[in-house]
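*Asks:* I'd like to ask you about the structure that follows.
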Amino acid sequence: NLSDKLDKAFHILKGHGKITEVNVADTLKEVRRALLDADVNFKIAKDFTARVKEKAIGQDVLTTLQPGQLLVKLVKDELTELMGGDVAGVNLSGNPTVILMSGLQGSGKTTFSGKLANFLKTKKNKKPLLVACDIYRPAAINQLHVVGDQIGVEVYSEPENKNPVEIAQNAIKHAKANGFNVVIVDTAGRLAVDQEMMDEIARVHKAIQPQETLFVVDSMTGQDAVNTAKAFNDILNFDGVILTKLDGDTRGGAALSIKSVVNKPIKFVGTGEKMEAIDIFYPDRMAERILGMGDVVSLVERAQEQFDEEEARKLQKKIAKNEFGFDDFLTQIQQVKKMGNMKDLVGMIPGASKAMKDVEIEDDAFKHIEAIIYSMTPGERSKPAIIDVKRKARIAKGSGTKVEQVNQLMKQFDQMSKMMKMMQGPGGKNLMKMMGG
Ligand code: GDP
Ligand code: MG
């Protein structure tokens with residue numbers, strides 16, 4: 001992926017010890033290739049490296065003490081700029097605020113409608129109403145109701161009505177009459193851009209005059225995402241982009257190109273299927289993520305929301321004293337489960353994706369893990385080192401698992417302890433501090 005490529009590019013630099021004009025050019029060529037591989041438009045990638053080179057020369061990179069680091073910073077800043085510079089918020093004016101979702105089928109509109117409603121309800125103290133305007137599949141209306149039930153948000157639908165314009169207008173009336181201050185309109189999408197879909201979304205848009213029109217796009221669709229964005233923007237002149245499925249290793253070349261092509265900010269990203277898997281889009285963090293520094297800041301924020309401060313303090317002491325045991329691991333798992341998908345979280349920790357690539361991470365794997373830990377004695381939990389072959393066999397039997405699974409968990413535990421120590425080291429200090437230390 002892009003970050004590995006950049007790692008390689010910067011490695012070339014570091015290997016030379018001293019940076020010459022020749023290897024700056026070589027590195028930037030490598031950077032450009034990495035961008036192209038991540039589906040960034042050719043012209044954008046070319047302009048990008050040209051700008052970095054110009055700045056590198058302008059700032060006399062070659063004469064500074066740490067030219068490699070300065071070049072990394074220049075690349076990062078330029079990436080940040082490319083993705084939109086400052087953080088863009090959602091416009092919540094109007095009473096009710098009307099938010100219209102647009103995008104292709106499968107891009108994640110319905111899921112994101114739920115995430116946004118949940119976000120506005122829990123973080124912004126709003127009373128949102130979800131509106132089902134995908135009238136083509138009965139399952140679509142049902143899907144939104146399921147989402148609404150999950151987050152405790154009312155869903156407005158008219159299963160018999162085949163006119164999305166009317167449904168949206170009626171929903172706004174319903175919202176006004178019942179004290180809802182945000183109306184989120186979920187719409188139908190097709191698998192590809194077609195005239196009928198565009199006409200329909202344009203009619204809904206015109207009739208309800210939303211404060212925010214959001215374009216939802218699957219970040220895994222690469223260059224196509226940019227073309228689709230352009231088509232929707234030509235019709236709707238939308239206000240912002242939602243980049244979904246930015247889970248795990250998807251580095252999101254689309255994020256790099258969209259801003260330059262439609263000149264609209266990316267406002268949120270979706271990082272999983274759960275309702276909590278929504279993050280405000282921070283261009284600088286995204287740039288760091290692309291550069292493989294890991295999205296530590298987002299991770300910290302999520303950790304902060306979910307972690308009990310008291311627990312965190314205790315945990316930190318234990319890690320420091322090398323007393324981190326399976327009971328703590330169990331607590332961690334329970335916390336992590338609340339935070340969302342494991343793979344997403346691991347992907348946010350610099351270096352951790354690599355360190356843990358041999359370890360299978362699955363959400364339902366937690367079930368076995370919990371069973372295994374419950375089968376350990378208190379002594380084994382606090383001093384995992386005493387778990388020998390004989391004990392492993394007993395634990396496996398007691399938990400209804402296989403010895404290999406116990407071994408796997410021991411390995412995972414080992415990795416996690418290492419990761420914990422890593423977080424305590426330079427760069428991880430802040431994480432621990434923010435977690436309550
Ligand atoms: P719509 O057709 O645009 O309404 O798309 P849906 O909201 O129905 O989403 C399509 C599929 O993508 C569903 O299986 C969702 O669970 C999944 N999905 C949506 N957002 C995300 C995301 O951020 N990450 C992942 N991994 N899956 C997502
Ligand atoms: Mg849908």
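Every chain in the structure tokens has a letter given in the order shown (A, B, ...), and although residue numbers restart at 1 in each chain, ligands are simply numbered from 1 in the order shown.
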Contacts between ligand 2 and chain A, please, where a residue of chain A counts if it comes within 9 Å (with only C-alpha atoms and all ligand atoms); show its shortest atom pair and distance in Å to one decimal, rows by chain and ascending number, as a Markdown table.

*Replies:*
```
| residue | atom | partner | partner_atom_place_in_ligand_line | distance |
| --- | --- | --- | --- | --- |
| A:Leu104 | CA | ligand 2 | 1 (Mg) | 8.9 |
| A:Gln105 | CA | ligand 2 | 1 (Mg) | 6.5 |
| A:Gly106 | CA | ligand 2 | 1 (Mg) | 6.8 |
| A:Ser107 | CA | ligand 2 | 1 (Mg) | 8.2 |
| A:Gly108 | CA | ligand 2 | 1 (Mg) | 6.7 |
| A:Lys109 | CA | ligand 2 | 1 (Mg) | 5.4 |
| A:Thr110 | CA | ligand 2 | 1 (Mg) | 4.2 |
| A:Thr111 | CA | ligand 2 | 1 (Mg) | 7.3 |
| A:Ser113 | CA | ligand 2 | 1 (Mg) | 9.0 |
| A:Ala132 | CA | ligand 2 | 1 (Mg) | 8.7 |
| A:Asp134 | CA | ligand 2 | 1 (Mg) | 6.6 |
| A:Ala140 | CA | ligand 2 | 1 (Mg) | 5.7 |
| A:Ile141 | CA | ligand 2 | 1 (Mg) | 8.2 |
| A:Gln143 | CA | ligand 2 | 1 (Mg) | 7.6 |
| A:Leu144 | CA | ligand 2 | 1 (Mg) | 7.6 |
| A:Asp186 | CA | ligand 2 | 1 (Mg) | 6.9 |
| A:Thr187 | CA | ligand 2 | 1 (Mg) | 6.7 |
| A:Ala188 | CA | ligand 2 | 1 (Mg) | 6.1 |
| A:Gly189 | CA | ligand 2 | 1 (Mg) | 7.2 |
```

*Asks:* Skip range 48-50 of chain A itself and residues of its chain fewer than 5 positions away, then list as a list in words all residues within 9 Å of it, counting only C-alpha atoms.

*Replies:* Leu28, Lys29, Val31, Arg32, Lys43, Lys55, Val75, Glu78, Leu79 and Leu82 of chain A

*Asks:* Those same residues - C-alpha atoms - I'd like them written as a PDB file, in the first residue's frame.

*Replies:*
```
ATOM      1  CA  LEU A  28       9.871  12.224  -4.961  1.00  0.00           C
ATOM      2  CA  LYS A  29       9.643   9.941  -7.956  1.00  0.00           C
ATOM      3  CA  VAL A  31       6.380   9.245  -3.741  1.00  0.00           C
ATOM      4  CA  ARG A  32       4.706   9.940  -7.063  1.00  0.00           C
ATOM      5  CA  LYS A  43      -1.892  14.991 -12.995  1.00  0.00           C
ATOM      6  CA  LYS A  55       9.354  23.846  -1.491  1.00  0.00           C
ATOM      7  CA  VAL A  75       5.208  15.762   2.007  1.00  0.00           C
ATOM      8  CA  GLU A  78       1.355  19.072   1.105  1.00  0.00           C
ATOM      9  CA  LEU A  79      -0.841  15.967   1.489  1.00  0.00           C
ATOM     10  CA  LEU A  82      -4.348  18.420  -0.983  1.00  0.00           C
TER      11      LEU A  82
END
```

*Asks:* Using the chain letters and numbers from this document, which residues of range 122-227 of chain A does DSSP assign to strand (DSSP E), as an MDAnalysis selection string?

*Replies:* chainID A and resid 128:133 155:156 182:187 212:218

*Asks:* Write the residues you've just listed into a file as a PDB file, in the first residue's frame, and include C-alpha atoms for each of them.

*Replies:*
```pdb
ATOM      1  CA  PRO A 128     -32.710  13.953  14.639  1.00  0.00           C
ATOM      2  CA  LEU A 129     -35.308  12.331  12.429  1.00  0.00           C
ATOM      3  CA  LEU A 130     -34.273   9.788   9.793  1.00  0.00           C
ATOM      4  CA  VAL A 131     -36.249   9.713   6.554  1.00  0.00           C
ATOM      5  CA  ALA A 132     -36.518   6.686   4.258  1.00  0.00           C
ATOM      6  CA  CYS A 133     -36.639   7.937   0.665  1.00  0.00           C
ATOM      7  CA  VAL A 155     -37.520   6.871  11.316  1.00  0.00           C
ATOM      8  CA  TYR A 156     -40.099   8.491   9.062  1.00  0.00           C
ATOM      9  CA  VAL A 182     -32.374  17.751  12.280  1.00  0.00           C
ATOM     10  CA  VAL A 183     -33.861  15.831   9.349  1.00  0.00           C
ATOM     11  CA  ILE A 184     -31.576  13.325   7.638  1.00  0.00           C
ATOM     12  CA  VAL A 185     -32.917  12.198   4.277  1.00  0.00           C
ATOM     13  CA  ASP A 186     -31.603   8.824   3.073  1.00  0.00           C
ATOM     14  CA  THR A 187     -32.081   8.315  -0.662  1.00  0.00           C
ATOM     15  CA  GLU A 212     -26.230  20.231   3.830  1.00  0.00           C
ATOM     16  CA  THR A 213     -26.068  17.961   0.825  1.00  0.00           C
ATOM     17  CA  LEU A 214     -23.571  15.206   1.461  1.00  0.00           C
ATOM     18  CA  PHE A 215     -22.044  12.913  -1.127  1.00  0.00           C
ATOM     19  CA  VAL A 216     -21.264   9.467   0.258  1.00  0.00           C
ATOM     20  CA  VAL A 217     -18.535   7.470  -1.444  1.00  0.00           C
ATOM     21  CA  ASP A 218     -16.859   4.111  -0.885  1.00  0.00           C
TER      22      ASP A 218
END
```

*Asks:* Check the smallest atom-to-atom distance from each of A:Pro283, A:Asn178, A:Thr244, A:Phe112 to Val147 in chain A using only C-alpha atoms, then report the winner.

*Replies:*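 Nearest to Val147 in chain A: A:Phe112.
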
*Asks:* When distances are computed from only C-alpha atoms, which of A:Glu154, A:Glu370, A:Glu166, A:Asp224 shows the smallest separation from Val40 in chain A?

*Replies:*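 Of A:Glu154, A:Glu370, A:Glu166, A:Asp224, the one nearest Val40 in chain A is A:Asp224, counting only C-alpha atoms.
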